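Novice: This is protein-v5.tsv (TSV, C-alpha atoms).
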chain	number	residue	atom	x	y	z
W	543	MET	CA	-10.33	29.11	-11.62
W	544	VAL	CA	-12.98	30.69	-9.43
W	545	ASP	CA	-14.35	29.11	-6.29
W	546	THR	CA	-17.77	27.51	-6.24
W	547	VAL	CA	-20.26	29.92	-4.72
W	548	SER	CA	-23.25	28.50	-2.83
W	549	GLY	CA	-25.13	31.77	-3.40
W	550	TYR	CA	-25.57	30.77	-7.03
W	551	ALA	CA	-26.81	27.20	-6.71
W	552	GLY	CA	-23.36	25.63	-6.76
W	553	VAL	CA	-22.20	26.94	-10.14
W	554	ASN	CA	-18.68	28.29	-10.57
W	555	LEU	CA	-19.08	32.04	-10.21
W	556	PRO	CA	-17.16	34.73	-8.31
W	557	ALA	CA	-18.50	35.58	-4.86
W	558	ASP	CA	-18.87	39.28	-5.68
W	559	LEU	CA	-20.67	38.73	-9.00
W	560	ARG	CA	-23.80	40.85	-9.28
W	561	VAL	CA	-26.70	38.99	-10.90
W	562	ALA	CA	-30.03	40.71	-11.55
W	563	VAL	CA	-33.24	38.91	-12.52
W	564	LEU	CA	-35.49	41.19	-14.57
W	565	LEU	CA	-39.21	40.42	-14.83
W	566	PRO	CA	-41.41	42.76	-16.92
W	567	CYS	CA	-45.03	42.35	-15.78
W	568	TYR	CA	-48.53	43.35	-16.77
W	569	ASN	CA	-51.48	41.91	-14.87
W	570	GLU	CA	-49.68	38.79	-13.62
W	571	GLU	CA	-51.23	38.55	-10.14
W	572	ALA	CA	-51.86	34.83	-10.60
W	573	ALA	CA	-48.30	33.95	-11.64
W	574	ILE	CA	-45.82	36.51	-10.34
W	575	ALA	CA	-45.41	35.06	-6.83
W	576	GLN	CA	-44.50	31.65	-8.26
W	577	THR	CA	-42.09	33.27	-10.74
W	578	VAL	CA	-40.31	35.36	-8.12
W	579	ALA	CA	-40.06	32.44	-5.69
W	580	GLY	CA	-38.68	30.18	-8.41
W	581	PHE	CA	-35.88	32.55	-9.42
W	582	ARG	CA	-35.03	33.40	-5.80
W	583	ALA	CA	-34.61	29.68	-5.14
W	584	ALA	CA	-32.60	29.04	-8.29
W	585	LEU	CA	-30.35	32.10	-7.86
W	586	PRO	CA	-30.27	32.93	-4.12
W	587	GLY	CA	-27.48	35.46	-4.61
W	588	ALA	CA	-29.38	37.46	-7.23
W	589	ILE	CA	-31.71	40.41	-6.81
W	590	VAL	CA	-35.12	39.88	-8.43
W	591	TYR	CA	-36.63	43.02	-9.97
W	592	VAL	CA	-40.26	43.19	-11.07
W	593	TYR	CA	-41.11	46.10	-13.38
W	594	ASP	CA	-44.85	46.64	-13.37
W	595	ASN	CA	-46.37	48.09	-16.55
W	596	ASN	CA	-49.61	49.72	-15.34
W	597	SER	CA	-51.21	46.54	-14.01
W	598	SER	CA	-54.84	46.87	-12.92
W	599	ASP	CA	-54.70	43.86	-10.59
W	600	ARG	CA	-52.60	43.10	-7.47
W	601	THR	CA	-49.36	42.31	-9.33
W	602	VAL	CA	-47.37	44.94	-7.41
W	603	GLU	CA	-48.53	43.84	-3.96
W	604	VAL	CA	-48.07	40.13	-4.67
W	605	ALA	CA	-44.59	40.63	-6.19
W	606	ARG	CA	-43.42	42.72	-3.26
W	607	ALA	CA	-44.77	40.19	-0.77
W	608	ALA	CA	-42.86	37.45	-2.65
W	609	GLY	CA	-39.58	39.30	-2.03
W	610	ALA	CA	-39.00	41.15	-5.29
W	611	VAL	CA	-37.81	44.72	-5.72
W	612	VAL	CA	-40.80	46.31	-7.47
W	613	ARG	CA	-40.54	49.28	-9.80
W	614	THR	CA	-42.94	50.86	-12.30
W	615	GLU	CA	-42.76	51.86	-15.96
W	616	ARG	CA	-45.71	54.00	-17.09
W	617	MET	CA	-45.09	53.81	-20.86
W	618	GLN	CA	-47.13	50.81	-22.02
W	619	GLY	CA	-45.38	48.00	-23.89
W	620	LYS	CA	-42.75	45.37	-23.16
W	621	GLY	CA	-40.08	47.19	-25.19
W	622	ASN	CA	-40.56	50.31	-23.08
W	623	VAL	CA	-40.19	48.23	-19.92
W	624	VAL	CA	-37.00	46.55	-21.16
W	625	ARG	CA	-35.53	49.95	-22.07
W	626	ARG	CA	-36.16	51.18	-18.54
W	627	MET	CA	-34.80	48.02	-16.89
W	628	PHE	CA	-31.59	48.05	-18.94
W	629	ALA	CA	-31.04	51.72	-18.16
W	630	ASP	CA	-31.74	51.54	-14.43
W	631	ILE	CA	-30.26	48.27	-13.20
W	632	GLU	CA	-26.53	47.89	-12.53
W	633	ALA	CA	-25.25	44.31	-12.56
W	634	ASP	CA	-22.62	42.05	-14.13
W	635	ILE	CA	-25.11	39.49	-15.49
W	636	TYR	CA	-28.78	40.02	-16.29
W	637	VAL	CA	-31.38	37.25	-16.39
W	638	MET	CA	-34.58	38.30	-18.17
W	639	ALA	CA	-37.80	36.29	-18.18
W	640	ASP	CA	-41.54	36.88	-18.25
W	641	GLY	CA	-43.56	37.03	-15.06
W	642	ASP	CA	-46.06	34.37	-16.15
W	643	ALA	CA	-44.30	31.32	-14.60
W	644	THR	CA	-43.93	29.59	-18.00
W	645	TYR	CA	-40.12	29.61	-18.13
W	646	ASP	CA	-38.01	27.05	-16.27
W	647	HIS	CA	-36.42	29.03	-13.43
W	648	ALA	CA	-34.36	25.97	-12.44
W	649	ALA	CA	-32.40	26.35	-15.69
W	650	ALA	CA	-31.20	29.85	-14.77
W	651	PRO	CA	-27.94	28.76	-13.05
W	652	LYS	CA	-27.03	26.69	-16.11
W	653	LEU	CA	-27.65	29.66	-18.44
W	654	VAL	CA	-25.65	32.02	-16.22
W	655	GLU	CA	-22.74	29.58	-15.93
W	656	ARG	CA	-22.68	29.06	-19.72
W	657	LEU	CA	-22.47	32.81	-20.30
W	658	TRP	CA	-19.78	33.35	-17.66
W	659	GLU	CA	-17.51	30.41	-18.44
W	660	GLU	CA	-17.61	30.88	-22.22
W	661	GLN	CA	-17.48	34.70	-22.00
W	662	LEU	CA	-20.64	35.10	-24.04
W	663	ASP	CA	-22.84	38.16	-24.37
W	664	MET	CA	-26.18	36.39	-24.58
W	665	VAL	CA	-27.59	32.94	-23.89
W	666	VAL	CA	-31.11	32.29	-25.17
W	667	GLY	CA	-33.36	29.85	-23.34
W	668	ALA	CA	-34.91	28.20	-26.39
W	669	ARG	CA	-38.35	26.87	-25.51
W	670	LYS	CA	-39.22	23.17	-25.52
W	671	SER	CA	-42.79	22.43	-24.55
W	672	GLU	CA	-44.59	19.15	-24.03
W	673	VAL	CA	-47.85	20.96	-23.32
W	674	GLU	CA	-49.89	22.07	-26.34
W	675	ALA	CA	-51.62	24.83	-24.37
W	676	ALA	CA	-48.29	26.29	-23.30
W	677	TYR	CA	-47.13	27.13	-26.80
W	678	ARG	CA	-50.04	27.60	-29.20
W	679	ARG	CA	-49.81	26.26	-32.76
W	680	GLY	CA	-50.19	29.73	-34.28
W	681	HIS	CA	-47.29	30.99	-32.16
W	682	ARG	CA	-45.16	28.00	-33.18
W	683	PHE	CA	-45.81	28.67	-36.87
W	684	GLY	CA	-45.19	32.41	-36.53
W	685	ASN	CA	-41.97	31.85	-34.61
W	686	ALA	CA	-40.69	29.38	-37.23
W	687	MET	CA	-41.60	31.73	-40.08
W	688	LEU	CA	-39.98	34.78	-38.49
W	689	THR	CA	-36.89	32.76	-37.55
W	690	GLY	CA	-36.50	31.68	-41.18
W	691	ILE	CA	-36.91	35.25	-42.44
W	692	LEU	CA	-34.29	36.50	-40.00
W	693	ALA	CA	-31.86	33.79	-41.10
W	694	ARG	CA	-32.26	34.79	-44.76
W	695	LEU	CA	-31.88	38.49	-44.05
W	696	PHE	CA	-28.97	38.36	-41.63
W	697	GLY	CA	-27.16	35.14	-42.49
W	698	ARG	CA	-27.49	33.43	-39.10
W	699	THR	CA	-30.14	33.28	-36.42
W	700	PHE	CA	-31.44	31.51	-33.32
W	701	SER	CA	-33.85	28.59	-33.24
W	702	ASP	CA	-36.23	30.61	-31.03
W	703	ILE	CA	-35.91	34.33	-31.73
W	704	LEU	CA	-39.06	35.17	-29.77
W	705	SER	CA	-38.02	33.58	-26.49
W	706	GLY	CA	-38.32	35.97	-23.56
W	707	TYR	CA	-35.90	33.90	-21.45
W	708	ARG	CA	-32.40	35.30	-21.94
W	709	VAL	CA	-29.20	35.93	-20.01
W	710	PHE	CA	-27.11	38.96	-20.94
W	711	SER	CA	-23.66	40.31	-20.19
W	712	ARG	CA	-23.30	43.85	-18.93
W	713	ARG	CA	-21.70	44.97	-22.18
W	714	PHE	CA	-24.73	43.74	-24.13
W	715	VAL	CA	-27.21	45.54	-21.92
W	716	LYS	CA	-25.34	48.83	-21.73
W	717	SER	CA	-24.62	48.98	-25.48
W	718	PHE	CA	-28.13	48.08	-26.65
W	719	PRO	CA	-30.16	51.09	-27.87
W	720	VAL	CA	-33.68	49.78	-27.28
W	721	LEU	CA	-35.99	51.24	-29.93
W	722	SER	CA	-38.96	48.85	-29.83
W	723	ALA	CA	-42.04	49.59	-27.76
W	724	GLY	CA	-43.84	46.24	-27.67
W	725	PHE	CA	-43.38	42.50	-28.05
W	726	GLU	CA	-41.08	42.99	-31.05
W	727	ILE	CA	-38.31	43.69	-28.52
W	728	GLU	CA	-37.07	40.07	-28.71
W	729	THR	CA	-36.55	40.43	-32.47
W	730	GLU	CA	-34.60	43.65	-31.97
W	731	ILE	CA	-32.44	41.98	-29.30
W	732	SER	CA	-31.65	39.10	-31.67
W	733	VAL	CA	-30.74	41.41	-34.55
W	734	HIS	CA	-28.52	43.53	-32.29
W	735	ALA	CA	-26.51	40.45	-31.32
W	736	LEU	CA	-26.27	39.24	-34.93
W	737	GLU	CA	-25.28	42.62	-36.35
W	738	LEU	CA	-22.44	43.15	-33.86
W	739	LYS	CA	-21.35	39.51	-34.29
W	740	MET	CA	-21.48	38.92	-30.55
W	741	PRO	CA	-20.58	35.54	-29.06
W	742	VAL	CA	-23.94	33.98	-28.21
W	743	SER	CA	-25.43	30.58	-27.45
W	744	GLU	CA	-28.71	28.73	-26.95
W	745	VAL	CA	-29.78	26.24	-24.30
W	746	MET	CA	-32.98	24.20	-24.59
W	747	THR	CA	-35.26	24.87	-21.62
W	748	GLN	CA	-38.67	23.59	-20.63
W	749	TYR	CA	-41.67	25.79	-21.32
W	750	GLY	CA	-44.85	25.23	-19.33
W	751	ALA	CA	-48.46	26.34	-19.35
W	752	ARG	CA	-49.54	29.47	-17.50
W	753	PRO	CA	-51.04	29.02	-14.03
W	754	GLU	CA	-54.82	29.14	-13.82
W	755	GLY	CA	-56.01	32.75	-13.92
W	756	SER	CA	-53.03	34.02	-15.94
W	757	VAL	CA	-53.83	35.18	-19.50
W	758	SER	CA	-51.41	35.75	-22.39
W	759	LYS	CA	-51.06	39.37	-23.54
W	760	LEU	CA	-49.60	38.35	-26.93
W	761	SER	CA	-51.86	38.58	-29.99
W	762	THR	CA	-50.82	36.05	-32.65
W	763	TYR	CA	-51.76	38.25	-35.61
W	764	ARG	CA	-51.36	41.81	-34.33
W	765	ASP	CA	-48.02	41.25	-32.60
W	766	GLY	CA	-46.88	38.87	-35.34
W	767	PHE	CA	-47.42	41.65	-37.88
W	768	ARG	CA	-45.54	44.11	-35.66
W	769	ILE	CA	-42.62	41.68	-35.37
W	770	LEU	CA	-42.58	41.12	-39.13
W	771	ASN	CA	-42.67	44.89	-39.67
W	772	THR	CA	-39.75	45.24	-37.26
W	773	ILE	CA	-37.71	42.70	-39.25
W	774	VAL	CA	-38.40	44.57	-42.52
W	775	THR	CA	-37.53	47.90	-40.91
W	776	LEU	CA	-34.31	46.52	-39.44
W	777	PHE	CA	-33.47	44.98	-42.82
W	778	ARG	CA	-33.90	48.37	-44.47
W	779	ASN	CA	-31.83	50.09	-41.79
W	780	GLU	CA	-29.06	47.50	-41.52
W	781	ARG	CA	-28.86	46.24	-45.14
W	782	PRO	CA	-29.77	49.31	-47.22
W	783	THR	CA	-27.82	48.26	-50.33
W	784	MET	CA	-29.66	44.94	-50.51
W	785	PHE	CA	-33.04	46.45	-49.56
W	786	PHE	CA	-32.97	49.32	-52.04
W	787	GLY	CA	-31.25	47.07	-54.59
W	788	VAL	CA	-34.31	44.78	-54.50
W	789	VAL	CA	-36.59	47.79	-54.97
W	790	ALA	CA	-34.43	49.02	-57.86
W	791	GLY	CA	-34.51	45.58	-59.47
W	792	MET	CA	-38.30	45.38	-59.27
W	793	LEU	CA	-38.71	48.84	-60.79
W	794	ALA	CA	-36.21	48.08	-63.55
W	795	LEU	CA	-37.93	44.75	-64.31
W	796	LEU	CA	-41.31	46.46	-64.59
W	797	ALA	CA	-39.79	49.10	-66.90
W	798	ILE	CA	-38.27	46.41	-69.13
W	799	ILE	CA	-41.58	44.51	-69.35
W	800	LEU	CA	-43.36	47.68	-70.45
W	801	ALA	CA	-40.54	48.65	-72.82
W	802	VAL	CA	-40.40	45.37	-74.79
W	803	PRO	CA	-43.61	46.01	-76.83
W	804	LEU	CA	-42.46	49.57	-77.48
W	805	GLY	CA	-39.10	48.31	-78.73
W	806	ILE	CA	-40.74	45.77	-81.03
W	807	THR	CA	-43.08	48.40	-82.50
W	808	TYR	CA	-40.22	50.86	-82.98
W	809	ALA	CA	-38.11	48.21	-84.74
W	810	GLN	CA	-40.96	47.40	-87.11
W	811	THR	CA	-42.29	50.90	-87.84
W	812	GLY	CA	-39.71	53.37	-86.58
W	813	LEU	CA	-42.47	54.98	-84.50
W	814	VAL	CA	-43.31	55.20	-80.79
W	815	PRO	CA	-47.12	55.28	-80.79
W	816	ARG	CA	-47.62	54.96	-76.99
W	817	VAL	CA	-45.81	58.03	-75.70
W	818	PRO	CA	-47.29	57.89	-72.15
W	819	THR	CA	-45.94	54.33	-71.76
W	820	ALA	CA	-42.54	55.49	-72.97
W	821	VAL	CA	-42.58	58.30	-70.43
W	822	LEU	CA	-43.58	55.80	-67.69
W	823	VAL	CA	-40.73	53.46	-68.65
W	824	THR	CA	-38.26	56.36	-68.48
W	825	GLY	CA	-39.59	57.39	-65.08
W	826	LEU	CA	-39.36	53.85	-63.71
W	827	MET	CA	-35.73	53.52	-64.82
W	828	ILE	CA	-34.89	56.85	-63.21
W	829	LEU	CA	-36.53	55.71	-59.96
W	830	ALA	CA	-34.64	52.41	-60.13
W	831	SER	CA	-31.34	54.28	-60.51
W	832	LEU	CA	-32.19	56.62	-57.62
W	833	SER	CA	-33.15	53.66	-55.40
W	834	LEU	CA	-29.87	51.88	-56.15
W	835	PHE	CA	-27.74	54.94	-55.41
W	836	THR	CA	-29.77	55.64	-52.25
W	837	GLY	CA	-28.88	52.17	-50.98
W	838	LEU	CA	-25.20	52.67	-51.78
W	839	MET	CA	-25.08	56.02	-49.96
W	840	LEU	CA	-26.99	54.74	-46.93
W	841	ASP	CA	-24.64	51.77	-46.70
W	842	THR	CA	-21.80	54.18	-45.87
W	843	VAL	CA	-23.92	55.77	-43.14
W	844	VAL	CA	-24.85	52.36	-41.70
W	845	ARG	CA	-21.22	51.27	-41.59
W	846	GLY	CA	-20.29	54.38	-39.63
W	847	ARG	CA	-23.18	53.83	-37.22
W	848	LEU	CA	-22.21	50.18	-36.80
W	849	GLU	CA	-18.66	51.19	-35.91
W	850	VAL	CA	-19.98	53.54	-33.21
W	851	ARG	CA	-22.20	50.78	-31.78
W	852	ARG	CA	-19.30	48.35	-31.85
W	853	LEU	CA	-17.05	50.80	-30.00
W	854	ALA	CA	-19.78	51.36	-27.38
W	855	TYR	CA	-20.02	47.59	-26.99
W	856	LEU	CA	-16.23	47.19	-26.63
W	857	SER	CA	-16.07	49.91	-23.98
W	858	HIS	CA	-17.34	47.35	-21.46
W	859	PRO	CA	-15.28	44.31	-20.37
W	860	ALA	CA	-16.26	40.81	-21.39
W	861	PRO	CA	-17.93	38.60	-18.76
W	862	GLY	CA	-15.33	36.58	-16.92
W	863	SER	CA	-12.60	39.17	-17.45
W	864	LEU	CA	-13.66	41.55	-14.67
Show me this structure written as structure tokens.
Specialist:
Amino acid sequence: MVDTVSGYAGVNLPADLRVAVLLPCYNEEAAIAQTVAGFRAALPGAIVYVYDNNSSDRTVEVARAAGAVVRTERMQGKGNVVRRMFADIEADIYVMADGDATYDHAAAPKLVERLWEEQLDMVVGARKSEVEAAYRRGHRFGNAMLTGILARLFGRTFSDILSGYRVFSRRFVKSFPVLSAGFEIETEISVHALELKMPVSEVMTQYGARPEGSVSKLSTYRDGFRILNTIVTLFRNERPTMFFGVVAGMLALLAIILAVPLGITYAQTGLVPRVPTAVLVTGLMILASLSLFTGLMLDTVVRGRLEVRRLAYLSHPAPGSL
């Protein structure tokens, strides 16, 4: 049993535990000072890092004045920023949030303690908002739809897959090959945890409206489409037998529909009057067979890649066992 450490708001954590708060930012001059101050108060023993993503306002100056360690990522997009943060920062526990002051910084010690005590790899701060302006209706609908799709594709999911408020173990961060460039990064993070069957959890946290002068960078339709495209791409990459099996089934069904009239005519007359249709049916069945075998072959490749990712994940100790 570890001693209670005042440096982490009274939660039961080792004195030498390294906690890093990661805040990706783009034009958050109006909110970043409040965000940094909130996390410094909630986790006094942590280092707060602000990664600026080509802001055109005073985000860098305000963040530095608030006491954050400020760094820059020139490649535009939240996914690019997360990739850089995960690569650069060395810590035992990572707390990631947005720099817009919408997430409940006071919940951070609870999230960190849950991860540490239960030896989890990720704790998601699922958003609960009482303010309509904080969480727009279109975003609510899109989040619910994408969450349902992810559950059907991967068997289990989170109630809020798009939450940007998460706490990670070191072995999650250092085994996660970030491929996304934009706001679809949260979807990729969720799928990575589900695919490797990591121990994860969710904690309901309050979600508030942005401060006056702070504007959301998320486009409901453009970024929603990118997130949906990411799910389909990950489904193809991670479940190739099912993905290409569905394609093969659709092609085979179309071939059968076209072949039925030909079969009836042949049974009645012994002739095949529509030769082009017969050729099309043959081609569709060949494509269906190729699609099915492609999925089966890619499944072997995916299993080998998953084993490599799992070994990379297991090369780091679990939180709480350091």
Novice: So what do you get for CA of Phe700 in chain W versus CA of Ser722 in chain W, distance-wise?
Specialist: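 CA of Ser722 in chain W lies at a distance of 19.2 Å from CA of Phe700 in chain W.
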Novice: Could you name the residues that touch range 798-810 of chain W at 12 Å or less, counting all atoms listed in the file, but leaving out those on the same chain fewer than 2 positions away, as a PyMOL selection string?
Specialist: chain W and resi 791-796+812-827+830
Novice: Could you check the closest approach to Gln618 in chain W for each of W:Ile635, W:Cys567, W:Leu848, W:Ala588 and tell me which residue wins, using all atoms listed in the file?
Specialist: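 Among the listed residues, W:Cys567 lies closest to Gln618 in chain W.
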Novice: Can you tell me which residues surround Leu704 in chain W at a distance of at most 7 Å, considering only C-alpha atoms, apart from same-chain residues fewer than 2 positions away, and format the answer as a list in words?
Specialist: Asn685, Asp702, Gly706, Glu728 and Thr729 of chain W
Novice: Tell me which protein, DNA and RNA residues are within 7 Å of Val745 in chain W, counting only C-alpha atoms, leaving out same-chain ones fewer than 3 positions away, and put them as an mmCIF file with C-alpha atoms, keeping the file's coordinate frame.
Specialist:
data_model
loop_
_atom_site.group_PDB
_atom_site.id
_atom_site.type_symbol
_atom_site.label_atom_id
_atom_site.label_comp_id
_atom_site.auth_asym_id
_atom_site.auth_seq_id
_atom_site.Cartn_x
_atom_site.Cartn_y
_atom_site.Cartn_z
ATOM 1 C CA VAL W 666 -31.110 32.290 -25.170
ATOM 2 C CA GLY W 667 -33.360 29.850 -23.340
ATOM 3 C CA ALA W 668 -34.910 28.200 -26.390
#
Novice: Please check which residues have atoms at most 9 Å from (-37.9, 45.9, -24.2) in the file's coordinates, counting only C-alpha atoms, and write them as a PyMOL selection string.
Specialist: chain W and resi 566+619-628+720-728+730-731
Novice: For a quick check of understanding, using only C-alpha atoms, which of W:Lys716, W:Arg582, W:Arg694, W:Arg616 has the smallest distance to Ala650 in chain W?
Specialist: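 Using only C-alpha atoms, Ala650 in chain W sits closest to W:Arg582.
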Novice: In terms of the shortest atom-to-atom distance over all atoms listed in the file, which of W:His647, W:Val654, W:Asp630, W:Arg560 is closest to Val578 in chain W?
Specialist: W:His647
Novice: Hey, can you check how far CA of Val742 in chain W sits from CA of Leu657 in chain W?
Specialist: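 Going from CA of Val742 in chain W over to CA of Leu657 in chain W covers 8.1 Å.
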Novice: Rounded to one decimal in Å, what is the spacing between CA of Phe710 in chain W and CA of Met638 in chain W?
Specialist: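 CA of Met638 in chain W lies at a distance of 8.0 Å from CA of Phe710 in chain W.
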Novice: Between W:Val789, W:Ala608, W:Pro861, W:Glu849, which is the closest to Gly837 in chain W once you count all atoms listed in the file?
Specialist: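 Of W:Val789, W:Ala608, W:Pro861, W:Glu849, the one nearest Gly837 in chain W, counting all atoms listed in the file, is W:Val789.
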Novice: Around (-30.6, 30.6, -11.8) in the file's frame, which residues reach within 9 Å when counting only C-alpha atoms? Return as a list in words?
Specialist: Tyr550, Ala551, Val563, Gly580, Phe581, Arg582, Ala583, Ala584, Leu585, Pro586, Ala588, Val637, His647, Ala648, Ala649, Ala650, Pro651, Lys652, Leu653, Val654 and Glu655 of chain W
Novice: Enclose all atoms of range 622-628 of chain W listed in the file in an axis-aligned box, grow every side by 6 Å, and hand back centre and edge lengths in Å to one decimal, as AutoDock Vina command-line options.
Specialist:
--center_x -36.1 --center_y 48.9 --center_z -20.0 --size_x 21.0 --size_y 16.6 --size_z 18.2
Novice: Write out as an mmCIF file with C-alpha atoms, in the coordinates of the input each polymer residue whose atoms come within 10 Å of Lys739 in chain W, counting only C-alpha atoms; drop sequence neighbours fewer than 4 positions from it.
Specialist:
data_model
loop_
_atom_site.group_PDB
_atom_site.id
_atom_site.type_symbol
_atom_site.label_atom_id
_atom_site.label_comp_id
_atom_site.auth_asym_id
_atom_site.auth_seq_id
_atom_site.Cartn_x
_atom_site.Cartn_y
_atom_site.Cartn_z
ATOM 1 C CA ARG W 698 -27.490 33.430 -39.100
ATOM 2 C CA VAL W 733 -30.740 41.410 -34.550
ATOM 3 C CA HIS W 734 -28.520 43.530 -32.290
ATOM 4 C CA ALA W 735 -26.510 40.450 -31.320
ATOM 5 C CA ARG W 852 -19.300 48.350 -31.850
#
Novice: Which of these, W:Ser711, W:Thr614, W:Ser857, W:Asn554, has the shortest distance to Pro741 in chain W once you count all atoms listed in the file?
Specialist: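 Closest residue, counting all atoms listed in the file: W:Ser711.
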Novice: Would you mind telling me which residue in W:Tyr855, W:Phe696, W:Tyr707, W:Trp658 lies nearest to Leu776 in chain W when using only C-alpha atoms?
Specialist: W:Phe696
Novice: Can you tell me, as a ChimeraX atom specification, what residues are no more than 12 Å from Ala575 in chain W when counting all atoms listed in the file, ignoring any on the same chain fewer than 2 positions away?
Specialist: /W:565,567,570-573,577-582,590,592,600-610,641-643,753,756
Novice: For range 641-656 of chain W, supply N, CA and C atoms and report the output as a PDB file, in the coordinates of the input.
Specialist:
ATOM      1  N   GLY W 641     -43.035  37.262 -16.406  1.00  0.00           N
ATOM      2  CA  GLY W 641     -43.560  37.030 -15.060  1.00  0.00           C
ATOM      3  C   GLY W 641     -44.738  36.080 -15.024  1.00  0.00           C
ATOM      4  N   ASP W 642     -44.882  35.224 -16.062  1.00  0.00           N
ATOM      5  CA  ASP W 642     -46.060  34.370 -16.150  1.00  0.00           C
ATOM      6  C   ASP W 642     -45.807  32.930 -15.707  1.00  0.00           C
ATOM      7  N   ALA W 643     -44.640  32.650 -15.141  1.00  0.00           N
ATOM      8  CA  ALA W 643     -44.300  31.320 -14.600  1.00  0.00           C
ATOM      9  C   ALA W 643     -44.256  30.236 -15.672  1.00  0.00           C
ATOM     10  N   THR W 644     -44.018  30.600 -16.922  1.00  0.00           N
ATOM     11  CA  THR W 644     -43.930  29.590 -18.000  1.00  0.00           C
ATOM     12  C   THR W 644     -42.498  29.133 -18.235  1.00  0.00           C
ATOM     13  N   TYR W 645     -41.507  29.961 -17.889  1.00  0.00           N
ATOM     14  CA  TYR W 645     -40.120  29.610 -18.130  1.00  0.00           C
ATOM     15  C   TYR W 645     -39.542  28.819 -16.955  1.00  0.00           C
ATOM     16  N   ASP W 646     -38.602  27.953 -17.268  1.00  0.00           N
ATOM     17  CA  ASP W 646     -38.010  27.050 -16.270  1.00  0.00           C
ATOM     18  C   ASP W 646     -36.956  27.801 -15.451  1.00  0.00           C
ATOM     19  N   HIS W 647     -37.347  28.262 -14.283  1.00  0.00           N
ATOM     20  CA  HIS W 647     -36.420  29.030 -13.430  1.00  0.00           C
ATOM     21  C   HIS W 647     -35.252  28.167 -12.982  1.00  0.00           C
ATOM     22  N   ALA W 648     -35.440  26.846 -12.882  1.00  0.00           N
ATOM     23  CA  ALA W 648     -34.360  25.970 -12.440  1.00  0.00           C
ATOM     24  C   ALA W 648     -33.204  25.923 -13.428  1.00  0.00           C
ATOM     25  N   ALA W 649     -33.455  26.338 -14.681  1.00  0.00           N
ATOM     26  CA  ALA W 649     -32.400  26.350 -15.690  1.00  0.00           C
ATOM     27  C   ALA W 649     -31.534  27.599 -15.617  1.00  0.00           C
ATOM     28  N   ALA W 650     -31.928  28.585 -14.821  1.00  0.00           N
ATOM     29  CA  ALA W 650     -31.200  29.850 -14.770  1.00  0.00           C
ATOM     30  C   ALA W 650     -29.729  29.698 -14.392  1.00  0.00           C
ATOM     31  N   PRO W 651     -29.364  28.907 -13.365  1.00  0.00           N
ATOM     32  CA  PRO W 651     -27.940  28.760 -13.050  1.00  0.00           C
ATOM     33  C   PRO W 651     -27.132  28.193 -14.211  1.00  0.00           C
ATOM     34  N   LYS W 652     -27.701  27.272 -14.958  1.00  0.00           N
ATOM     35  CA  LYS W 652     -27.030  26.690 -16.110  1.00  0.00           C
ATOM     36  C   LYS W 652     -26.787  27.739 -17.196  1.00  0.00           C
ATOM     37  N   LEU W 653     -27.790  28.602 -17.436  1.00  0.00           N
ATOM     38  CA  LEU W 653     -27.650  29.660 -18.440  1.00  0.00           C
ATOM     39  C   LEU W 653     -26.594  30.673 -18.017  1.00  0.00           C
ATOM     40  N   VAL W 654     -26.621  31.047 -16.738  1.00  0.00           N
ATOM     41  CA  VAL W 654     -25.650  32.020 -16.220  1.00  0.00           C
ATOM     42  C   VAL W 654     -24.241  31.458 -16.302  1.00  0.00           C
ATOM     43  N   GLU W 655     -24.072  30.201 -15.896  1.00  0.00           N
ATOM     44  CA  GLU W 655     -22.740  29.580 -15.930  1.00  0.00           C
ATOM     45  C   GLU W 655     -22.226  29.478 -17.364  1.00  0.00           C
ATOM     46  N   ARG W 656     -23.095  29.147 -18.316  1.00  0.00           N
ATOM     47  CA  ARG W 656     -22.680  29.060 -19.720  1.00  0.00           C
ATOM     48  C   ARG W 656     -22.165  30.423 -20.208  1.00  0.00           C
TER      49      ARG W 656
END
